[in-house]
Amino acid sequence: MHRLLLLERTMRKCSGSMFASLGMGSISVDTDLPKVQRILQYAGLTVLAGVVMFFIGRFSMGIFEEFAADGLETLAYEGICVALMLLCLFLAAQKSLSLFFLSGDNETLIHMPIRPGMIAFAKAVVIYRSCVMATAIIGIPILAAAQIASGGTVISFVAAVLVPLLLPIPPVFYVVLLSIIMMRYIQIGKSKEARASTITVIFMLIMFLAPQLFNFMQKGVSAGGGIEATVESLSNIIRMFEYIFPTTFLAVGSLQEGGIFALLLLVAAMLLIVAVYAWIAEKLYLKAILRTGHHGSKQKVADEKTIQRYGRTKRSVKKAYARKERQLLFRTPVFFLQSVLLSLVVTVMFAGLCVFLLVEMMSEITEIGNMELGSYEAYIWYGALGVVLLISALAVAFTHVTSTCISREGKNFPYMKTMPVPMETQLAVKSRIGLYMAIAGALPFLVIMNYACLLLSVSPLFVPVSLILSMSVLIMGNDVQTYLDCSSPILNWENEYAAAVNNHLLGSAVGPLLFVAALLGIGAGLYLIFKTMWLPVIGIVLVAAVAGSWVLHRWLYAKAVKCMEDL
Amino acid sequence: MIELNNLTKSYAGGQKKAVDNLSWTINDGEIAGFIGPNGAGKSTTIKMMTGLVSPDSGSVALNGFDITKDALRAKQQFAYVSDTPDNFLRLKVIEYLNFIADIYQVSEEDRNSRITDMAEKFDLMEVLERPIMEFSHGMRQKVMIMGALVHNPSIWILDEPMVGLDPNAAFTLKELMREHAAAGNSVLFSTHVLEVAEKLCDHIGLIVSGQMVFKGTMEELKGRYPEGTSLETIFMEITKNA
C-alpha cells in the first residue's frame with residue numbers, strides 16, 4: 001500500500017496540477033513551504049472550493065425543483081450522473097494519453113521490484129483523482145441541493161456525497177483498460193504519439209457526436225411532440241448512456257428515498273470494478289508496455305538534395321521563430337491536444353450548436369426583424385454585445401497556447417536566451433500565435449451573432465462595434481495569459497503534460513471582460529443622459545476599449561519581458 | 001577575444017559565492033580549457049558569458065561587446081553548446097539546423113555547404129530527416145554542435161562538449177577546434193577530461209570554489225611541480241589545498 005501511494009504521488013506530481021481539469025492549472029499547494037503556510041494555502045483552496053460549490057448548489061436547486069414539479073426527479077438524477085461520468089470519460093481520455101501511451105517512466109519503473117499491475121493501478125488512481133476533483137466540486141453541491149429540494153433522508157445526503165466520489169470509477173476503468181488493451185494489441189511502435197493522438201481525437205469526436213446523432217434520430221421519431229417529445233428524447237439519450245454505464249441505476253437508486261440497499265450495491269459494484277481492473281492490469285500491463293517500445297523508423301536516407309530542399313528558403317527571424325513554434329505546438333501530441341484541439345473541439349461543438357439554433361429559429365428571428373423594434377433595439381444591442389464579449393472571453397480562456405508559451409519551451413528556454421533575438425520579439429511571436437488561435441475560436445460565433453443581429457434588423461453599425469470590443473477582450477485576455485506564463489512558468493518538466501496544463505486559468509479573461517463590460521455600462525449611462533447623441537457615445541466606448549487594450553498591452557508586455565530576462 | 005573582468009555571482013541571497021571575482025582573457029587564436037571539480041563554478045561562469053545568468057558584478061566582453069550592455073551584438077559573436085543536448089527534440093535535425101541558420105540569418109549557400117560539410121564529418125548525413133528525440137545522447141550532442149557552428153561565429157563556448165561523443169566524433173570536434181583557433185578565432189570549453197585539456201589547450205583556467213586558482217599555459221602549470229608530475233596529480237593537489 002505504501003508503495004502504491006508513493007508511486008501515485010510521484011506520478012501525480014509529474015503529470016501537472018490536479019486542478020488543471022477544472023481550468024485552474026496553476027493552482028497548487030507548494031509542498032516546500034513551512035507547515036503553517038501550507039495549511040493556510042489548503043484552507044484558502046478549501047474556502048474557494050466551498051464558495052464555488054455553494055454557487056453551483058444554489059443555481060442547481062431551482063432547476064431541480066422545476067424537474068421535480070414535473071415529476072422528472074429520476075430523469076434529473078440520471079442526467080446528472082450520466083453527465084458527470086461523461087465529464088470523467090473526457091478528462092480521463094486526455095490524461096491517459098500522457099500516463100499510458102506517452103509515458104516516459106516505463107524504462108525507470110519496469111526494472112524495479114514493483115508488480116506491473118501496481119504501476120498500472122497507480123496510474124489509474126492518478127487519473128481517478130483528477131476526475132474526482134471535478135465530480136466532487138460539481139456533483140456534490142448539485143446532488144446535495146437536489147436532496148434539500150426534495151427533503152431527502154440522511155442516507156440520501158450521504159449518497160449525495162458518496163455518489164460523485166464513486167461515479168468516476170467506471171469511466172476511468174473504461175479508459176485505462178482501453179489504453180492497456182490498445183497498447184497490448186495494437187502495434188503503435190515508432191509513430192505511437194501520432195497514432196495515440198489520432199485515437200484520442202476520434203474518441204473525443206465520438207463522445208461529442210454520438211449524443212447529437214442519437215438526439216437527431218430521436219427527434220426524427222418524435223417530431224412535433226413539444227415538451228413531452230423533448231423529455232422523451234432526453235431520456236432516450238440518457239438510456240443509451242446507461243447501457244454504457246450500467247451502475248447508473250444504482251447511483252440513482254441510492255439518491256432516492258430508501259436507497260441504502262442501492263448505495264451498498266453501488267459501493268460493492270465499484271469495488272468489483274476496481275478488483276477486475278487490478279487483475280487485468282496485472283495480466284496485461286507488462287505485455288502492453290513491451291509492445292510500445294521503440295521499433296525503429298523507416299529510415300529516410302538524406303543526401304545533399306535534402307539539405308538543399310530544406311535550406312532553399314531563408315526566412316526572417318520572426319518567420320523562423322513562428323515556424324518553430326508551430327512545429328513544436330502541432331507535433332507534440334500533449335501540447336496539440338491540450339492547447340489546440342480542446343479549443344477547436346469546443347469551438348466546433350458550440351458553433352455547430354449555435355448554427356443549429358439559428359437555423360431552427362430562423363423564421364422567428366426574421367419575423368421579429370420585420371417588426372418595428374423601436375427602443376427594443378438598444379436591448380438587443382446590449383444583449384448581443386454581452387454574448388459576443390462572453391464568447392470572446394471564453395475563446396481566449398480556452399485557448400491554452402499563450403498561457404503555456406514559455407512553459408512549453410522547457411529545457412529549450414536557456415538556449416533561446418543565448419540567441420541574438422530580443423526577448424520582445426520572441427514573446428511577440430509566441431503571443432501572436434495564441435491570439436490567432438483565440439480569434440479563430442471566437443470567429444465562428446461572432447459571425448453567427450452578427451448575422452443573427454442583421455436578421456433582426458439591428459443597425460449594421462453593430463458589426464464593427466462588436467468586432468472591435470471582441471478584439472479588445474481577446475487581445476487583453478491574451479496579454480494577461482502572456483504575463484501569467486512569463487511570471488510563473490514551469491521549465492524543469494520531464495512530462496510535457498505538466499507544461500501543457502500550466503496556467504490554465506479560465507479567470508485570465510475575467511478582468512478584460514469586466515473592463516469592457518464596465519465601458520459598456522458607462523456607455524449605457526451616457527446614452528440615457530444624451531439619448532440623441534448615441535453615435536459619439538459608441539465612439540467614446542470604442543476609443544476607451546482600444547486605448548485600454550493598448551495601455552494594458554504595453555504595460556503587461558514590459559513586465560513579461562522583464563520576467564523572461566530574469567528567468 | 002573573450003574578456004572576463006572581476007566576475008562575481010552569488011546564490012542563496014549572497015550567502016554562497018558561485019563565482020568570486022574571476023578575471024580571464026582568452027585571446028584570438030587560442031583554445032582555452034576550463035577545468036575544475038564539480039560545483040566549482042564552471043557552468044555558472046559559462047552561463048554569465050552567454051547571457052543566461054546576470055553577474056552580480058564584473059563584466060563579460062565578447063569581441064569587445066558587453067554581454068549585459070550590448071547583449072544582441074555580443075550574442076552574434078559566439079556559438080554555445082550547453083551541457084544538456086536535449087533541445088528542440090521534436091524537430092528534425094535538418095529543420096533544427098535551418099532554424100538556427102534563419103535566426104542568425106545565414107545565407108542559403110553558406111548554410112547548405114556548412115550543413116553538408118558537418119553532417120559528413122559527424123556522420124549524420126543519413127539521419128538529417130529524423131527527429132532529434134530519436135537519438136542517443138551522443139547523437140544529440142553532435143546535432144547541438146552542428147547547430148552551434150552552422151552560423152560560423154568567431155567565438156566558440158562549449159560546456160562539456162565531449163560528453164557522450166564517440167571517439168570519431170570527439171576527434172572531429174577537436175580537429176574543428178584546432179582549425180577554428182588556427183584561423184584566428186577563440187575557443188573556450190569546459191571539461192573534466194584532463195588529457196583532452198592537456199593535448200588541446202593553449203591556455204587553461206582552473207577554478208575551485210568559484211575562484212580562479214590558476215590561469216596560464218600547461219607548461220606554466222607543470223613548471224610549478226616536480227618534473228614528471230601528471231596533470232591528474234597536480235589537479236588533485238590544487239583542488240585539495242584550495
# chains A, B, ... in the order shown; residues from 1 in each chain; ligands from 1
call {"tool": "residues_around", "arguments": {"residues": "Phe235 of chain B", "least_positions_apart": "5", "cutoff": "12 Å", "atoms": "only C-alpha atoms", "output": "JSON, numbers by chain"}}
result
{"B": [35, 36, 37, 192, 193, 194, 195, 197, 198, 204, 205, 206, 207, 208, 213, 214, 218, 221, 222, 225, 229, 230, 240, 241, 242]}
call {"tool": "interface_residues", "arguments": {"of": "chain B", "to": "chain A", "cutoff": "9 Å", "atoms": "only C-alpha atoms", "output": "PyMOL selection string"}}
result
chain B and resi 50-54+71-76+79-82+84+86-91+94-96+98-109+111-113+115-116+125-130+134
call {"tool": "residues_around", "arguments": {"residues": "Gly151 of chain A", "least_positions_apart": "3", "cutoff": "12 Å", "atoms": "only C-alpha atoms", "output": "list in words"}}
result
Met61, Glu65, Ala68, Leu143, Ala144, Ala145, Ala146, Gln147, Ile148, Val154, Ile155, Ser156, Phe157, Leu255, Gln256 and Glu257 of chain A
call {"tool": "residues_around", "arguments": {"residues": "Val143 of chain B", "least_positions_apart": "2", "cutoff": "9 Å", "atoms": "only C-alpha atoms", "output": "PDB file with N, CA, C and O atoms, in the first residue's frame"}}
result
ATOM      1  N   PRO B  85      22.152  18.231 -24.148  1.00  0.00           N
ATOM      2  CA  PRO B  85      21.779  18.367 -25.569  1.00  0.00           C
ATOM      3  C   PRO B  85      20.326  17.979 -25.852  1.00  0.00           C
ATOM      4  O   PRO B  85      20.064  17.279 -26.818  1.00  0.00           O
ATOM      5  N   VAL B  93      16.474  16.949 -37.555  1.00  0.00           N
ATOM      6  CA  VAL B  93      17.818  17.545 -37.499  1.00  0.00           C
ATOM      7  C   VAL B  93      17.944  18.692 -38.498  1.00  0.00           C
ATOM      8  O   VAL B  93      18.374  19.794 -38.156  1.00  0.00           O
ATOM      9  N   TYR B  96      16.026  21.735 -37.459  1.00  0.00           N
ATOM     10  CA  TYR B  96      16.701  22.437 -36.359  1.00  0.00           C
ATOM     11  C   TYR B  96      17.856  23.283 -36.903  1.00  0.00           C
ATOM     12  O   TYR B  96      18.001  24.462 -36.553  1.00  0.00           O
ATOM     13  N   LEU B  97      18.647  22.678 -37.780  1.00  0.00           N
ATOM     14  CA  LEU B  97      19.813  23.403 -38.312  1.00  0.00           C
ATOM     15  C   LEU B  97      19.370  24.612 -39.136  1.00  0.00           C
ATOM     16  O   LEU B  97      19.969  25.695 -39.050  1.00  0.00           O
ATOM     17  N   ALA B 119      27.663  17.490 -41.533  1.00  0.00           N
ATOM     18  CA  ALA B 119      26.923  16.221 -41.496  1.00  0.00           C
ATOM     19  C   ALA B 119      27.836  15.073 -41.942  1.00  0.00           C
ATOM     20  O   ALA B 119      27.769  13.974 -41.392  1.00  0.00           O
ATOM     21  N   PHE B 122      30.478  14.542 -39.033  1.00  0.00           N
ATOM     22  CA  PHE B 122      29.924  13.904 -37.831  1.00  0.00           C
ATOM     23  C   PHE B 122      29.095  12.651 -38.148  1.00  0.00           C
ATOM     24  O   PHE B 122      28.431  12.107 -37.267  1.00  0.00           O
ATOM     25  N   LEU B 124      26.314  12.238 -39.847  1.00  0.00           N
ATOM     26  CA  LEU B 124      24.885  12.415 -39.578  1.00  0.00           C
ATOM     27  C   LEU B 124      24.074  12.594 -40.870  1.00  0.00           C
ATOM     28  O   LEU B 124      22.871  12.834 -40.804  1.00  0.00           O
ATOM     29  N   ILE B 132      15.104  14.752 -33.620  1.00  0.00           N
ATOM     30  CA  ILE B 132      16.239  14.659 -32.691  1.00  0.00           C
ATOM     31  C   ILE B 132      15.905  13.729 -31.525  1.00  0.00           C
ATOM     32  O   ILE B 132      16.771  13.078 -30.961  1.00  0.00           O
ATOM     33  N   GLY B 138      24.787  10.979 -27.351  1.00  0.00           N
ATOM     34  CA  GLY B 138      25.934  11.370 -28.176  1.00  0.00           C
ATOM     35  C   GLY B 138      25.512  11.959 -29.511  1.00  0.00           C
ATOM     36  O   GLY B 138      26.062  12.964 -29.969  1.00  0.00           O
ATOM     37  N   MET B 139      24.500  11.334 -30.123  1.00  0.00           N
ATOM     38  CA  MET B 139      23.997  11.836 -31.422  1.00  0.00           C
ATOM     39  C   MET B 139      23.398  13.224 -31.244  1.00  0.00           C
ATOM     40  O   MET B 139      23.582  14.118 -32.068  1.00  0.00           O
ATOM     41  N   ARG B 140      22.644  13.399 -30.143  1.00  0.00           N
ATOM     42  CA  ARG B 140      22.046  14.716 -29.884  1.00  0.00           C
ATOM     43  C   ARG B 140      23.142  15.759 -29.692  1.00  0.00           C
ATOM     44  O   ARG B 140      23.026  16.901 -30.146  1.00  0.00           O
ATOM     45  N   GLN B 141      24.215  15.334 -29.023  1.00  0.00           N
ATOM     46  CA  GLN B 141      25.331  16.261 -28.785  1.00  0.00           C
ATOM     47  C   GLN B 141      25.931  16.708 -30.122  1.00  0.00           C
ATOM     48  O   GLN B 141      26.246  17.884 -30.308  1.00  0.00           O
ATOM     49  N   ILE B 145      26.132  20.514 -31.560  1.00  0.00           N
ATOM     50  CA  ILE B 145      27.407  21.106 -32.004  1.00  0.00           C
ATOM     51  C   ILE B 145      27.237  21.646 -33.424  1.00  0.00           C
ATOM     52  O   ILE B 145      27.645  22.776 -33.729  1.00  0.00           O
ATOM     53  N   MET B 146      26.584  20.861 -34.286  1.00  0.00           N
ATOM     54  CA  MET B 146      26.351  21.335 -35.656  1.00  0.00           C
ATOM     55  C   MET B 146      25.531  22.620 -35.654  1.00  0.00           C
ATOM     56  O   MET B 146      25.821  23.566 -36.392  1.00  0.00           O
ATOM     57  N   GLY B 147      24.491  22.637 -34.804  1.00  0.00           N
ATOM     58  CA  GLY B 147      23.640  23.830 -34.721  1.00  0.00           C
ATOM     59  C   GLY B 147      24.418  25.041 -34.257  1.00  0.00           C
ATOM     60  O   GLY B 147      24.222  26.160 -34.753  1.00  0.00           O
ATOM     61  N   ALA B 148      25.316  24.804 -33.312  1.00  0.00           N
ATOM     62  CA  ALA B 148      26.102  25.933 -32.780  1.00  0.00           C
ATOM     63  C   ALA B 148      27.058  26.483 -33.828  1.00  0.00           C
ATOM     64  O   ALA B 148      27.334  27.684 -33.859  1.00  0.00           O
TER      65      ALA B 148
END
call {"tool": "atom_distance", "arguments": {"atom1": "atom CA of His137 of chain B", "atom2": "atom CA of Pro161 of chain B"}}
result
11.5 Å
call {"tool": "decode", "arguments": {"residues": "segment 68-170 of chain B", "atoms": "C-alpha atoms", "output": "CSV table (one decimal), in the first residue's frame"}}
result
chain,number,residue,atom,x,y,z
B,68,THR,CA,24.9,42.8,-20.5
B,69,LYS,CA,25.0,46.2,-22.1
B,70,ASP,CA,25.1,45.2,-25.8
B,71,ALA,CA,23.5,41.8,-25.5
B,72,LEU,CA,22.3,41.2,-29.1
B,73,ARG,CA,25.6,42.1,-30.7
B,74,ALA,CA,27.5,40.1,-28.1
B,75,LYS,CA,25.3,37.1,-28.8
B,76,GLN,CA,26.0,37.4,-32.5
B,77,GLN,CA,29.7,36.7,-31.7
B,78,PHE,CA,29.5,33.2,-30.2
B,79,ALA,CA,28.3,29.7,-30.6
B,80,TYR,CA,27.2,27.9,-27.5
B,81,VAL,CA,26.8,24.2,-26.8
B,82,SER,CA,25.2,23.5,-23.4
B,83,ASP,CA,25.9,20.5,-21.2
B,84,THR,CA,22.4,19.1,-21.9
B,85,PRO,CA,21.8,18.4,-25.6
B,86,ASP,CA,18.0,18.0,-25.2
B,87,ASN,CA,16.8,21.0,-27.1
B,88,PHE,CA,14.0,21.1,-29.7
B,89,LEU,CA,13.7,17.3,-29.7
B,90,ARG,CA,10.5,17.3,-31.8
B,91,LEU,CA,12.3,19.0,-34.7
B,92,LYS,CA,14.1,17.0,-37.4
B,93,VAL,CA,17.8,17.5,-37.5
B,94,ILE,CA,17.6,19.4,-40.8
B,95,GLU,CA,14.8,21.6,-39.5
B,96,TYR,CA,16.7,22.4,-36.4
B,97,LEU,CA,19.8,23.4,-38.3
B,98,ASN,CA,17.8,25.6,-40.7
B,99,PHE,CA,16.0,27.2,-37.8
B,100,ILE,CA,19.3,28.2,-36.2
B,101,ALA,CA,20.6,29.3,-39.6
B,102,ASP,CA,17.5,31.5,-40.0
B,103,ILE,CA,17.9,33.0,-36.6
B,104,TYR,CA,21.5,34.0,-37.4
B,105,GLN,CA,20.5,34.9,-41.0
B,106,VAL,CA,23.0,32.6,-42.7
B,107,SER,CA,22.7,32.7,-46.5
B,108,GLU,CA,21.3,29.7,-48.3
B,109,GLU,CA,24.6,28.9,-49.9
B,110,ASP,CA,26.6,29.1,-46.7
B,111,ARG,CA,24.1,27.1,-44.6
B,112,ASN,CA,23.9,24.3,-47.2
B,113,SER,CA,27.6,23.9,-47.6
B,114,ARG,CA,28.2,24.0,-43.8
B,115,ILE,CA,25.4,21.6,-43.1
B,116,THR,CA,26.7,19.2,-45.8
B,117,ASP,CA,30.3,19.5,-44.5
B,118,MET,CA,29.5,19.0,-40.8
B,119,ALA,CA,26.9,16.2,-41.5
B,120,GLU,CA,29.6,14.3,-43.3
B,121,LYS,CA,32.2,15.0,-40.7
B,122,PHE,CA,29.9,13.9,-37.8
B,123,ASP,CA,28.4,11.0,-39.8
B,124,LEU,CA,24.9,12.4,-39.6
B,125,MET,CA,24.1,12.8,-43.3
B,126,GLU,CA,21.7,9.8,-43.4
B,127,VAL,CA,19.7,10.9,-40.3
B,128,LEU,CA,19.1,14.5,-41.2
B,129,GLU,CA,15.4,14.0,-41.7
B,130,ARG,CA,14.8,12.2,-38.4
B,131,PRO,CA,13.6,13.9,-35.3
B,132,ILE,CA,16.2,14.7,-32.7
B,133,MET,CA,14.3,12.9,-30.0
B,134,GLU,CA,15.0,9.5,-31.6
B,135,PHE,CA,18.7,9.9,-31.0
B,136,SER,CA,21.1,8.8,-28.2
B,137,HIS,CA,22.8,11.4,-26.0
B,138,GLY,CA,25.9,11.4,-28.2
B,139,MET,CA,24.0,11.8,-31.4
B,140,ARG,CA,22.0,14.7,-29.9
B,141,GLN,CA,25.3,16.3,-28.8
B,142,LYS,CA,26.6,16.1,-32.4
B,143,VAL,CA,23.4,17.8,-33.6
B,144,MET,CA,23.8,20.6,-31.0
B,145,ILE,CA,27.4,21.1,-32.0
B,146,MET,CA,26.4,21.3,-35.7
B,147,GLY,CA,23.6,23.8,-34.7
B,148,ALA,CA,26.1,25.9,-32.8
B,149,LEU,CA,28.6,26.0,-35.6
B,150,VAL,CA,26.2,26.5,-38.5
B,151,HIS,CA,26.5,30.3,-38.4
B,152,ASN,CA,30.3,30.1,-38.1
B,153,PRO,CA,30.8,32.6,-35.3
B,154,SER,CA,34.3,33.6,-34.2
B,155,ILE,CA,34.0,32.6,-30.6
B,156,TRP,CA,33.0,29.1,-29.5
B,157,ILE,CA,31.8,28.4,-26.0
B,158,LEU,CA,31.3,24.8,-25.3
B,159,ASP,CA,30.2,23.3,-22.0
B,160,GLU,CA,31.4,19.8,-21.6
B,161,PRO,CA,31.2,19.1,-25.4
B,162,MET,CA,33.0,15.7,-25.4
B,163,VAL,CA,30.4,14.1,-23.1
B,164,GLY,CA,28.7,11.2,-24.9
B,165,LEU,CA,30.6,11.6,-28.1
B,166,ASP,CA,32.1,8.5,-29.7
B,167,PRO,CA,35.9,8.6,-30.4
B,168,ASN,CA,35.4,9.6,-34.0
B,169,ALA,CA,33.1,12.5,-33.2
B,170,ALA,CA,35.4,13.6,-30.4
